[in-house]
>>> print(open('query_20.txt').read())   # compact mmCIF, C-alpha atoms
# COMPACT_ATOMS: atom_id res chain seq x y z
CA MET C 15 95.65 133.63 78.44
CA ILE C 16 99.02 134.45 79.97
CA GLN C 17 99.01 134.75 83.78
CA HIS C 18 101.67 136.15 86.10
CA ASN C 19 102.75 135.00 89.56
CA SER C 20 100.43 132.02 89.11
CA SER C 21 100.23 129.03 91.51
CA LEU C 22 101.29 125.68 90.05
CA LYS C 23 99.56 123.70 92.81
CA PRO C 24 96.71 122.51 90.50
CA TYR C 25 99.23 121.30 87.90
CA THR C 26 101.33 118.94 90.03
CA THR C 27 100.12 115.80 91.79
CA PHE C 28 102.28 116.57 94.84
CA GLY C 29 100.03 119.58 95.47
CA ILE C 30 102.89 121.86 96.44
CA ASP C 31 102.19 125.58 96.21
CA VAL C 32 104.95 127.21 94.20
CA LYS C 33 104.49 130.16 91.85
CA ALA C 34 105.28 130.52 88.15
CA GLU C 35 106.57 133.92 87.08
CA THR C 36 104.58 133.53 83.83
CA PHE C 37 102.06 130.77 83.06
CA VAL C 38 99.97 129.76 80.06
CA SER C 39 97.88 126.69 79.21
CA VAL C 40 97.72 125.85 75.48
CA LYS C 41 95.00 123.83 73.73
CA THR C 42 96.29 123.95 70.13
CA LEU C 43 99.64 123.50 68.42
CA GLU C 44 99.22 126.92 66.80
CA SER C 45 98.81 128.67 70.16
CA LEU C 46 101.80 126.76 71.56
CA ILE C 47 104.01 127.95 68.70
CA ALA C 48 102.68 131.51 69.04
CA VAL C 49 103.49 131.57 72.76
CA LEU C 50 107.00 130.25 72.17
CA LYS C 51 107.62 132.82 69.41
CA THR C 52 106.74 135.72 71.69
CA ASN C 53 108.45 134.47 74.87
CA SER C 54 112.19 133.95 74.90
CA SER C 55 112.47 133.47 78.66
CA GLN C 56 113.43 130.30 80.52
CA LEU C 57 110.87 127.54 79.82
CA LEU C 58 109.28 124.76 81.88
CA VAL C 59 106.72 122.45 80.28
CA VAL C 60 104.11 120.66 82.40
CA GLY C 61 101.55 118.02 81.46
CA GLY C 62 99.80 116.05 84.19
CA GLY C 63 102.46 117.10 86.69
CA SER C 64 102.74 113.56 88.06
CA ASN C 65 106.48 113.11 87.74
CA MET C 66 107.67 116.40 89.16
CA LEU C 67 108.77 117.75 92.53
CA LEU C 68 108.94 121.55 92.60
CA THR C 69 111.16 122.88 95.37
CA LYS C 70 111.05 126.61 94.54
CA ASP C 71 109.17 129.26 92.56
CA ILE C 72 109.75 128.97 88.82
CA GLU C 73 111.34 131.87 86.96
CA GLY C 74 110.44 132.46 83.33
CA LEU C 75 107.59 130.79 81.43
CA VAL C 76 105.63 127.67 82.42
CA VAL C 77 103.59 126.14 79.58
CA HIS C 78 100.84 123.63 80.39
CA ILE C 79 100.21 121.30 77.43
CA ASP C 80 96.45 120.72 77.07
CA LEU C 81 96.31 119.32 73.50
CA LYS C 82 93.42 116.84 73.09
CA GLY C 83 92.39 114.18 70.58
CA ILE C 84 92.49 110.42 69.92
CA GLU C 85 92.56 109.15 66.33
CA ILE C 86 92.61 105.62 64.89
CA CYS C 87 95.01 105.93 61.98
CA GLU C 88 95.65 102.40 60.68
CA LYS C 89 94.19 98.90 61.05
CA ASN C 90 96.10 95.73 60.26
CA LYS C 91 95.29 92.03 60.70
CA ASN C 92 95.66 91.94 64.49
CA THR C 93 96.68 95.48 65.40
CA THR C 94 95.42 99.05 65.32
CA LYS C 95 97.54 102.18 65.34
CA VAL C 96 96.21 105.02 67.48
CA LYS C 97 97.54 108.59 67.57
CA VAL C 98 96.95 110.43 70.84
CA ALA C 99 97.46 114.11 71.63
CA ALA C 100 99.91 114.93 74.42
CA GLY C 101 97.36 116.54 76.76
CA GLU C 102 95.11 113.48 77.05
CA ASN C 103 95.05 111.98 80.53
CA TRP C 104 96.94 108.67 80.50
CA HIS C 105 94.39 106.57 82.39
CA ASP C 106 91.49 108.04 80.41
CA PHE C 107 93.27 106.90 77.25
CA VAL C 108 93.77 103.41 78.71
CA VAL C 109 90.02 103.29 79.47
CA TRP C 110 89.30 104.43 75.90
CA SER C 111 91.53 101.64 74.52
CA LEU C 112 89.69 99.01 76.59
CA GLN C 113 86.30 100.34 75.46
CA HIS C 114 87.48 99.84 71.88
CA ASN C 115 88.81 96.32 72.65
CA LEU C 116 92.39 97.43 72.07
CA GLY C 117 94.95 95.55 74.14
CA GLY C 118 98.45 96.32 75.32
CA LEU C 119 97.94 99.07 77.89
CA GLU C 120 95.83 97.25 80.48
CA ASN C 121 98.80 96.68 82.84
CA LEU C 122 99.45 100.44 82.76
CA SER C 123 96.01 101.32 84.13
CA LEU C 124 95.70 104.10 86.72
CA ILE C 125 99.19 105.53 86.21
CA PRO C 126 98.89 109.27 86.85
CA GLY C 127 99.94 111.85 84.27
CA ASN C 128 99.35 112.65 80.61
CA VAL C 129 100.15 110.87 77.35
CA GLY C 130 102.76 113.41 76.23
CA THR C 131 104.98 112.92 79.25
CA ALA C 132 104.66 109.10 79.27
CA PRO C 133 107.48 108.45 76.74
CA ILE C 134 109.91 110.77 78.55
CA GLN C 135 110.44 108.26 81.33
CA ASN C 136 109.10 105.19 79.50
CA ILE C 137 106.38 104.60 82.11
CA GLY C 138 105.90 101.02 83.22
CA ALA C 139 104.12 98.73 85.65
CA TYR C 140 103.45 95.03 86.21
CA GLY C 141 105.87 93.76 83.58
CA VAL C 142 104.84 96.18 80.82
CA GLU C 143 106.50 99.39 79.61
CA LEU C 144 105.29 102.12 77.28
CA LYS C 145 107.93 101.14 74.70
CA ASP C 146 106.16 97.77 74.21
CA THR C 147 103.33 99.45 72.26
CA PHE C 148 105.06 102.68 71.18
CA VAL C 149 105.38 103.36 67.44
CA GLU C 150 106.48 107.00 67.24
CA CYS C 151 105.93 110.45 68.67
CA GLU C 152 105.78 113.92 67.19
CA ALA C 153 107.76 116.56 69.03
CA LEU C 154 108.18 120.29 68.59
CA ASN C 155 111.81 121.37 68.29
CA LEU C 156 112.12 124.39 70.59
CA GLN C 157 114.93 125.90 68.54
CA SER C 158 113.47 125.66 65.04
CA LEU C 159 109.76 125.30 66.05
CA ASP C 160 109.54 122.49 63.49
CA ILE C 161 107.72 119.21 64.16
CA GLU C 162 110.01 116.18 64.19
CA THR C 163 109.05 112.50 64.35
CA PHE C 164 110.89 110.13 66.70
CA SER C 165 110.72 106.37 66.09
CA LYS C 166 111.05 103.82 68.88
CA ALA C 167 114.75 103.44 68.04
CA ASP C 168 115.23 107.23 68.04
CA CYS C 169 113.81 107.45 71.57
CA LYS C 170 116.49 105.12 73.04
CA PHE C 171 114.08 103.74 75.61
CA ASP C 172 115.54 102.22 78.76
CA TYR C 173 114.25 101.51 82.26
CA ARG C 174 112.34 104.72 83.19
CA ASN C 175 114.44 106.60 80.68
CA SER C 176 114.54 107.92 77.11
CA ILE C 177 116.40 110.37 74.91
CA PHE C 178 113.98 113.09 76.15
CA LYS C 179 115.26 112.61 79.70
CA SER C 180 118.91 112.55 78.68
CA GLU C 181 120.52 113.68 75.40
CA VAL C 182 117.81 116.09 74.23
CA LYS C 183 116.33 117.01 77.61
CA GLY C 184 114.57 120.37 77.44
CA GLN C 185 114.96 120.64 73.65
CA TYR C 186 111.55 119.28 72.55
CA ILE C 187 107.88 119.26 73.55
CA ILE C 188 106.07 116.02 72.70
CA ILE C 189 102.77 116.87 71.02
CA SER C 190 101.43 113.42 70.07
CA VAL C 191 102.21 109.73 70.58
CA THR C 192 101.26 106.83 68.28
CA PHE C 193 100.70 103.34 69.71
CA GLU C 194 100.17 99.93 68.10
CA LEU C 195 97.56 98.00 70.05
CA THR C 196 95.99 94.57 69.46
CA HIS C 197 92.34 94.24 68.44
CA SER C 198 92.53 90.42 68.34
CA GLU C 199 94.79 87.74 69.82
CA HIS C 200 95.58 89.89 72.85
CA LYS C 201 98.79 88.95 74.65
CA LEU C 202 97.98 89.19 78.34
CA LYS C 203 100.72 89.59 80.94
CA THR C 204 99.43 88.36 84.28
CA SER C 205 102.48 86.75 85.92
CA TYR C 206 104.06 89.95 87.29
CA GLY C 207 103.30 91.13 90.81
CA ALA C 208 99.94 90.15 92.26
CA ILE C 209 97.84 90.19 89.05
CA SER C 210 97.22 86.41 88.96
CA GLU C 211 96.30 86.41 92.65
CA GLU C 212 93.92 89.33 92.16
CA LEU C 213 92.25 87.60 89.19
CA LYS C 214 91.70 84.52 91.38
CA LYS C 215 90.04 86.74 94.00
CA MET C 216 87.79 88.05 91.21
CA ASN C 217 86.96 84.41 90.24
CA VAL C 218 88.26 85.06 86.71
CA LYS C 219 89.71 81.97 85.01
CA SER C 220 89.92 83.23 81.41
CA PRO C 221 90.79 86.92 81.77
CA THR C 222 90.06 89.59 79.19
CA ILE C 223 92.04 92.82 78.84
CA LYS C 224 89.32 94.54 80.91
CA ASP C 225 89.74 91.93 83.66
CA VAL C 226 93.51 92.53 83.78
CA SER C 227 92.89 96.27 83.97
CA LYS C 228 90.40 95.80 86.84
CA ALA C 229 92.94 93.64 88.69
CA VAL C 230 95.70 96.24 88.22
CA ILE C 231 93.39 99.04 89.38
CA ALA C 232 92.40 97.04 92.48
CA ILE C 233 96.06 96.39 93.35
CA ARG C 234 97.08 100.01 92.78
CA GLN C 235 94.16 101.39 94.78
CA SER C 236 94.99 99.08 97.70
CA LYS C 237 98.60 100.30 97.77
CA LEU C 238 98.75 103.77 96.29
CA PRO C 239 97.09 107.00 97.44
CA ASP C 240 94.94 109.00 95.02
CA PRO C 241 96.76 112.30 94.30
CA LYS C 242 93.38 114.07 94.34
CA HIS C 243 93.14 113.30 98.05
CA LEU C 244 96.78 112.98 99.15
CA GLY C 245 99.65 114.70 97.34
CA ASN C 246 102.15 112.29 95.80
CA SER C 247 103.86 111.43 92.53
CA GLY C 248 103.46 107.66 92.63
CA SER C 249 106.77 105.80 92.81
CA PHE C 250 109.42 108.31 93.88
CA PHE C 251 112.43 106.04 93.29
CA LYS C 252 113.52 103.69 90.52
CA ASN C 253 113.96 100.01 91.36
CA PRO C 254 117.75 99.58 91.48
CA VAL C 255 119.49 97.09 89.20
CA VAL C 256 122.60 95.42 90.65
CA SER C 257 125.10 92.83 89.44
CA ARG C 258 124.35 89.18 90.19
CA SER C 259 127.40 88.97 92.46
CA LYS C 260 126.23 92.04 94.41
CA PHE C 261 122.76 90.52 94.75
CA GLU C 262 124.13 87.17 95.96
CA ALA C 263 126.18 88.95 98.62
CA LEU C 264 123.07 90.85 99.77
CA GLN C 265 120.93 87.71 99.68
CA SER C 266 123.27 85.99 102.14
CA GLN C 267 122.46 88.82 104.58
CA PHE C 268 118.79 89.21 103.59
CA PRO C 269 117.49 85.77 102.47
CA ASN C 270 113.95 87.07 101.87
CA MET C 271 115.00 89.88 99.52
CA PRO C 272 112.61 89.87 96.51
CA HIS C 273 114.22 90.17 93.10
CA TYR C 274 113.68 89.91 89.33
CA SER C 275 116.23 88.85 86.72
CA VAL C 276 116.86 91.59 84.14
CA SER C 277 119.61 89.71 82.30
CA GLU C 278 122.10 86.95 82.98
CA ASN C 279 124.23 89.28 85.09
CA GLU C 280 121.72 91.87 86.33
CA ILE C 281 119.10 91.66 89.08
CA LYS C 282 116.37 94.21 89.86
CA ILE C 283 115.53 94.71 93.54
CA PRO C 284 112.25 96.43 94.54
CA ALA C 285 113.08 99.83 96.01
CA GLY C 286 109.92 99.67 98.13
CA TRP C 287 111.22 96.56 99.92
CA LEU C 288 114.56 98.26 100.63
CA ILE C 289 112.83 101.35 102.05
CA GLU C 290 110.41 99.27 104.14
CA THR C 291 113.25 97.10 105.48
CA ALA C 292 115.11 100.28 106.43
CA GLY C 293 112.11 101.21 108.61
CA PHE C 294 110.61 104.12 106.66
CA LYS C 295 107.25 102.68 105.60
CA GLY C 296 104.42 104.68 107.19
CA LYS C 297 106.77 107.15 108.88
CA ARG C 298 105.34 110.64 109.17
CA PHE C 299 107.30 113.84 109.65
CA GLY C 300 104.73 116.53 110.42
CA ASN C 301 102.83 117.23 107.19
CA TYR C 302 104.80 114.86 104.93
CA GLY C 303 106.11 111.30 105.06
CA VAL C 304 106.22 107.80 103.55
CA HIS C 305 102.91 106.18 102.67
CA LYS C 306 101.63 103.51 105.06
CA ASN C 307 100.80 101.00 102.30
CA GLN C 308 103.64 101.57 99.83
CA ALA C 309 107.12 102.63 100.91
CA LEU C 310 107.98 103.81 97.38
CA VAL C 311 105.48 106.66 97.70
CA LEU C 312 106.38 109.92 99.46
CA VAL C 313 103.33 111.96 100.42
CA ASN C 314 102.32 115.53 101.19
CA TYR C 315 99.64 115.46 103.91
CA GLY C 316 98.98 119.14 103.20
CA GLY C 317 101.16 122.18 103.46
CA ALA C 318 104.52 120.48 102.93
CA THR C 319 107.12 122.21 100.78
CA GLY C 320 109.07 120.66 97.94
CA LYS C 321 112.21 121.05 100.05
CA ASP C 322 110.58 118.96 102.81
CA ILE C 323 109.93 116.11 100.37
CA LEU C 324 113.40 116.43 98.85
CA GLN C 325 115.07 116.29 102.27
CA LEU C 326 113.07 113.14 103.12
CA SER C 327 114.10 111.50 99.84
CA GLN C 328 117.76 112.28 100.57
CA THR C 329 117.46 110.84 104.10
CA ILE C 330 116.06 107.62 102.60
CA GLN C 331 118.83 107.47 99.99
CA LYS C 332 121.52 107.82 102.67
CA ALA C 333 119.93 105.06 104.78
CA ILE C 334 119.67 102.63 101.84
CA SER C 335 123.28 103.34 100.92
CA ALA C 336 124.42 102.71 104.51
CA ILE C 337 122.43 99.49 104.99
CA PHE C 338 122.61 97.86 101.54
CA GLU C 339 125.39 99.80 99.75
CA ILE C 340 122.86 100.51 96.98
CA SER C 341 122.32 103.93 95.40
CA LEU C 342 118.63 104.74 95.04
CA GLU C 343 117.87 107.03 92.10
CA ALA C 344 114.86 109.36 92.07
CA GLU C 345 112.31 108.61 89.35
CA VAL C 346 110.71 112.05 89.59
CA ASN C 347 112.18 115.24 88.12
CA ILE C 348 113.30 117.56 90.90
CA LEU C 349 113.31 121.28 90.15
>>> encode(input="query_20.txt", output="structure tokens")
Amino acid sequence: MIQHNSSLKPYTTFGIDVKAETFVSVKTLESLIAVLKTNSSQLLVVGGGSNMLLTKDIEGLVVHIDLKGIEICEKNKNTTKVKVAAGENWHDFVVWSLQHNLGGLENLSLIPGNVGTAPIQNIGAYGVELKDTFVECEALNLQSLDIETFSKADCKFDYRNSIFKSEVKGQYIIISVTFELTHSEHKLKTSYGAISEELKKMNVKSPTIKDVSKAVIAIRQSKLPDPKHLGNSGSFFKNPVVSRSKFEALQSQFPNMPHYSVSENEIKIPAGWLIETAGFKGKRFGNYGVHKNQALVLVNYGGATGKDILQLSQTIQKAISAIFEISLEAEVNIL
């Protein structure tokens, strides 16, 4: 049912109250196509709303993608291919995969958002990215209203990036994603971040995929606020990647700077550490601020506007540039 002047607060994890001129939630591909055929106005597509900061009321049509369904479509010696509709909640799908002894997504537990928006920014955590298990996605071409299939190569995945965030931004709606997961000989990744340490706390010596997921959930819950209780979009900024020479110059000033090698000449520096070192961690500005446990997370304590959050993000970017001569890039889409 099409609604007018409708609040988008329930559809974004930041919990910011902006209005959509026209809003509709679609549960089938047929209804999505029908809506697009009869509405030629400006279009915004929302899924779980976890990677979006809305700073103003939205003109035109907002479509909420609520397509559901999980289907096992192929089994091989060690792997299973699973096709998932775009409106499925990401973490619920991870839980489903673990219940079916399917490995590959356990490090991505508890990431907010929906399956359909996950490939857009190639979600990742604890040494794993969506592209590691991605096979293909089906996407609706908004011009022709035809379904097109994008392979992993077609998607041009990069760090928190894809073709859907760059070259063809706004031209497609992802309607399903197919993954290849392991049902035997699982390849666990436990060396990144605090996973190994958390497993030790759990007294787990031979971890299963469920154990890794539990460890990731424990770490995330200790650091990150639940959007149901405190408005946020998870990590607001990307971890910057700098040249090795730039990193070495910084390291001489900041010997304790954490880092990860991306390639022979590129080093990734945790944005959270930069923001914390600049003194922003836990800072509150009225009804918004920086989370006390994780400096990467900007939060709405209730009643903040999108412009408030945006201004805070820009203040942080200026400070990081002044102190470290590093440009922090927002991970969230700002509208």
>>> atom_distance(input="query_20.txt", atom1="atom CA of C:Asn253", atom2="atom CA of C:Glu345")
9.0 Å
>>> atom_distance(input="query_20.txt", atom1="atom CA of C:Ile323", atom2="atom CA of C:Asp71")
15.3 Å
>>> residues_around(input="query_20.txt", residues="C:Ser210", least_positions_apart="6", cutoff="9 Å", atoms="only C-alpha atoms", output="list in words")
Thr204, Val226 and Ala229 of chain C
>>> residues_around(input="query_20.txt", residues="C:Val311", least_positions_apart="4", cutoff="10 Å", atoms="only C-alpha atoms", output="list of chain:residue names")
C:Lys237, C:Leu238, C:Pro239, C:Gly245, C:Asn246, C:Ser247, C:Gly248, C:Ser249, C:Phe250, C:Phe251, C:Gly286, C:Lys295, C:Gly296, C:Gly303, C:Val304, C:His305, C:Lys306, C:Asn307
>>> atom_distance(input="query_20.txt", atom1="atom CA of C:Ile177", atom2="atom CA of C:Asn136")
10.1 Å
>>> residues_around(input="query_20.txt", residues="stretch 290-292 of chain C", least_positions_apart="6", cutoff="10 Å", atoms="all atoms listed in the file", output="number ranges by chain")
C: 268, 271, 304, 306-310, 330, 333-334, 336-338
>>> residues_around(input="query_20.txt", residues="C:Val38", least_positions_apart="3", cutoff="9 Å", atoms="all atoms listed in the file", output="JSON, numbers by chain")
{"C": [15, 16, 17, 18, 49, 75, 76, 77, 78, 79]}
>>> residues_around(input="query_20.txt", residues="stretch 55-58 of chain C", least_positions_apart="3", cutoff="12 Å", atoms="only C-alpha atoms", output="compact mmCIF listing (two decimals) with C-alpha atoms, in the coordinates of the input")
# COMPACT_ATOMS: atom_id res chain seq x y z
CA LEU C 22 101.29 125.68 90.05
CA ALA C 34 105.28 130.52 88.15
CA GLU C 35 106.57 133.92 87.08
CA THR C 36 104.58 133.53 83.83
CA PHE C 37 102.06 130.77 83.06
CA VAL C 38 99.97 129.76 80.06
CA SER C 39 97.88 126.69 79.21
CA VAL C 49 103.49 131.57 72.76
CA LEU C 50 107.00 130.25 72.17
CA LYS C 51 107.62 132.82 69.41
CA THR C 52 106.74 135.72 71.69
CA GLY C 61 101.55 118.02 81.46
CA GLY C 63 102.46 117.10 86.69
CA MET C 66 107.67 116.40 89.16
CA LEU C 68 108.94 121.55 92.60
CA ASP C 71 109.17 129.26 92.56
CA ILE C 72 109.75 128.97 88.82
CA GLU C 73 111.34 131.87 86.96
CA GLY C 74 110.44 132.46 83.33
CA LEU C 75 107.59 130.79 81.43
CA VAL C 76 105.63 127.67 82.42
CA VAL C 77 103.59 126.14 79.58
CA HIS C 78 100.84 123.63 80.39
CA ILE C 79 100.21 121.30 77.43
CA LEU C 156 112.12 124.39 70.59
CA LYS C 183 116.33 117.01 77.61
CA GLY C 184 114.57 120.37 77.44
CA GLN C 185 114.96 120.64 73.65
CA TYR C 186 111.55 119.28 72.55
CA ILE C 187 107.88 119.26 73.55
CA ASN C 347 112.18 115.24 88.12
CA LEU C 349 113.31 121.28 90.15
>>> residues_near_point(input="query_20.txt", point="(102.8, 115.0, 98.4)", cutoff="7 Å", atoms="only C-alpha atoms", output="VMD selection string")
chain C and resid 28 to 29 244 to 247 302 312 to 315
>>> closest_residue(input="query_20.txt", among="C:Asn92, C:Asn175, C:Asn53, C:Gln265", to="C:Ala344", atoms="only C-alpha atoms")
C:Asn175
>>> axis_aligned_box(input="query_20.txt", around="stretch 58-70 of chain C", padding_each_side="5 Å", output="lines of an AutoDock Vina configuration file")
center_x = 105.5
center_y = 119.9
center_z = 87.8
size_x = 21.4
size_y = 23.5
size_z = 25.1
>>> closest_residue(input="query_20.txt", among="C:Ser257, C:Thr42, C:Asn103, C:Ser158", to="C:Thr131", atoms="all atoms listed in the file")
C:Asn103
>>> build_atoms(input="query_20.txt", residues="stretch 109-126 of chain C", atoms="N, CA, C and O atoms", output="PDB file, in the coordinates of the input")
ATOM      1  N   VAL C 109      91.451 103.647  79.429  1.00  0.00           N
ATOM      2  CA  VAL C 109      90.020 103.290  79.470  1.00  0.00           C
ATOM      3  C   VAL C 109      89.442 103.302  78.069  1.00  0.00           C
ATOM      4  O   VAL C 109      88.701 102.391  77.669  1.00  0.00           O
ATOM      5  N   TRP C 110      89.771 104.333  77.286  1.00  0.00           N
ATOM      6  CA  TRP C 110      89.300 104.430  75.900  1.00  0.00           C
ATOM      7  C   TRP C 110      89.753 103.197  75.098  1.00  0.00           C
ATOM      8  O   TRP C 110      88.963 102.616  74.338  1.00  0.00           O
ATOM      9  N   SER C 111      91.004 102.797  75.270  1.00  0.00           N
ATOM     10  CA  SER C 111      91.530 101.640  74.520  1.00  0.00           C
ATOM     11  C   SER C 111      90.759 100.376  74.880  1.00  0.00           C
ATOM     12  O   SER C 111      90.429  99.567  74.009  1.00  0.00           O
ATOM     13  N   LEU C 112      90.436 100.199  76.156  1.00  0.00           N
ATOM     14  CA  LEU C 112      89.690  99.010  76.590  1.00  0.00           C
ATOM     15  C   LEU C 112      88.263  99.028  76.038  1.00  0.00           C
ATOM     16  O   LEU C 112      87.729  97.989  75.631  1.00  0.00           O
ATOM     17  N   GLN C 113      87.660 100.205  76.014  1.00  0.00           N
ATOM     18  CA  GLN C 113      86.300 100.340  75.460  1.00  0.00           C
ATOM     19  C   GLN C 113      86.255  99.972  73.981  1.00  0.00           C
ATOM     20  O   GLN C 113      85.218  99.546  73.467  1.00  0.00           O
ATOM     21  N   HIS C 114      87.389 100.166  73.306  1.00  0.00           N
ATOM     22  CA  HIS C 114      87.480  99.840  71.880  1.00  0.00           C
ATOM     23  C   HIS C 114      88.138  98.477  71.643  1.00  0.00           C
ATOM     24  O   HIS C 114      88.577  98.173  70.532  1.00  0.00           O
ATOM     25  N   ASN C 115      88.211  97.653  72.715  1.00  0.00           N
ATOM     26  CA  ASN C 115      88.810  96.320  72.650  1.00  0.00           C
ATOM     27  C   ASN C 115      90.224  96.350  72.081  1.00  0.00           C
ATOM     28  O   ASN C 115      90.616  95.495  71.282  1.00  0.00           O
ATOM     29  N   LEU C 116      90.995  97.323  72.507  1.00  0.00           N
ATOM     30  CA  LEU C 116      92.390  97.430  72.070  1.00  0.00           C
ATOM     31  C   LEU C 116      93.298  97.086  73.241  1.00  0.00           C
ATOM     32  O   LEU C 116      93.235  97.716  74.302  1.00  0.00           O
ATOM     33  N   GLY C 117      94.117  96.061  73.061  1.00  0.00           N
ATOM     34  CA  GLY C 117      94.950  95.550  74.140  1.00  0.00           C
ATOM     35  C   GLY C 117      96.390  96.018  74.071  1.00  0.00           C
ATOM     36  O   GLY C 117      96.906  96.400  73.013  1.00  0.00           O
ATOM     37  N   GLY C 118      97.039  95.970  75.235  1.00  0.00           N
ATOM     38  CA  GLY C 118      98.450  96.320  75.320  1.00  0.00           C
ATOM     39  C   GLY C 118      98.756  97.289  76.433  1.00  0.00           C
ATOM     40  O   GLY C 118      99.889  97.381  76.904  1.00  0.00           O
ATOM     41  N   LEU C 119      97.725  98.035  76.867  1.00  0.00           N
ATOM     42  CA  LEU C 119      97.940  99.070  77.890  1.00  0.00           C
ATOM     43  C   LEU C 119      97.293  98.719  79.231  1.00  0.00           C
ATOM     44  O   LEU C 119      97.445  99.468  80.184  1.00  0.00           O
ATOM     45  N   GLU C 120      96.614  97.566  79.282  1.00  0.00           N
ATOM     46  CA  GLU C 120      95.830  97.250  80.480  1.00  0.00           C
ATOM     47  C   GLU C 120      96.682  97.195  81.761  1.00  0.00           C
ATOM     48  O   GLU C 120      96.224  97.583  82.841  1.00  0.00           O
ATOM     49  N   ASN C 121      97.931  96.743  81.660  1.00  0.00           N
ATOM     50  CA  ASN C 121      98.800  96.680  82.840  1.00  0.00           C
ATOM     51  C   ASN C 121      99.236  98.072  83.305  1.00  0.00           C
ATOM     52  O   ASN C 121      99.750  98.228  84.407  1.00  0.00           O
ATOM     53  N   LEU C 122      99.041  99.067  82.445  1.00  0.00           N
ATOM     54  CA  LEU C 122      99.450 100.440  82.760  1.00  0.00           C
ATOM     55  C   LEU C 122      98.268 101.287  83.233  1.00  0.00           C
ATOM     56  O   LEU C 122      98.343 102.515  83.234  1.00  0.00           O
ATOM     57  N   SER C 123      97.194 100.623  83.623  1.00  0.00           N
ATOM     58  CA  SER C 123      96.010 101.320  84.130  1.00  0.00           C
ATOM     59  C   SER C 123      96.345 102.120  85.386  1.00  0.00           C
ATOM     60  O   SER C 123      97.166 101.700  86.202  1.00  0.00           O
ATOM     61  N   LEU C 124      95.668 103.261  85.512  1.00  0.00           N
ATOM     62  CA  LEU C 124      95.700 104.100  86.720  1.00  0.00           C
ATOM     63  C   LEU C 124      97.060 104.754  87.003  1.00  0.00           C
ATOM     64  O   LEU C 124      97.288 105.260  88.085  1.00  0.00           O
ATOM     65  N   ILE C 125      97.955 104.765  86.026  1.00  0.00           N
ATOM     66  CA  ILE C 125      99.190 105.530  86.210  1.00  0.00           C
ATOM     67  C   ILE C 125      98.848 107.001  86.023  1.00  0.00           C
ATOM     68  O   ILE C 125      98.229 107.379  85.036  1.00  0.00           O
ATOM     69  N   PRO C 126      99.231 107.850  86.982  1.00  0.00           N
ATOM     70  CA  PRO C 126      98.890 109.270  86.850  1.00  0.00           C
ATOM     71  C   PRO C 126      99.710 109.949  85.756  1.00  0.00           C
ATOM     72  O   PRO C 126     100.755 109.449  85.342  1.00  0.00           O
TER      73      PRO C 126
END
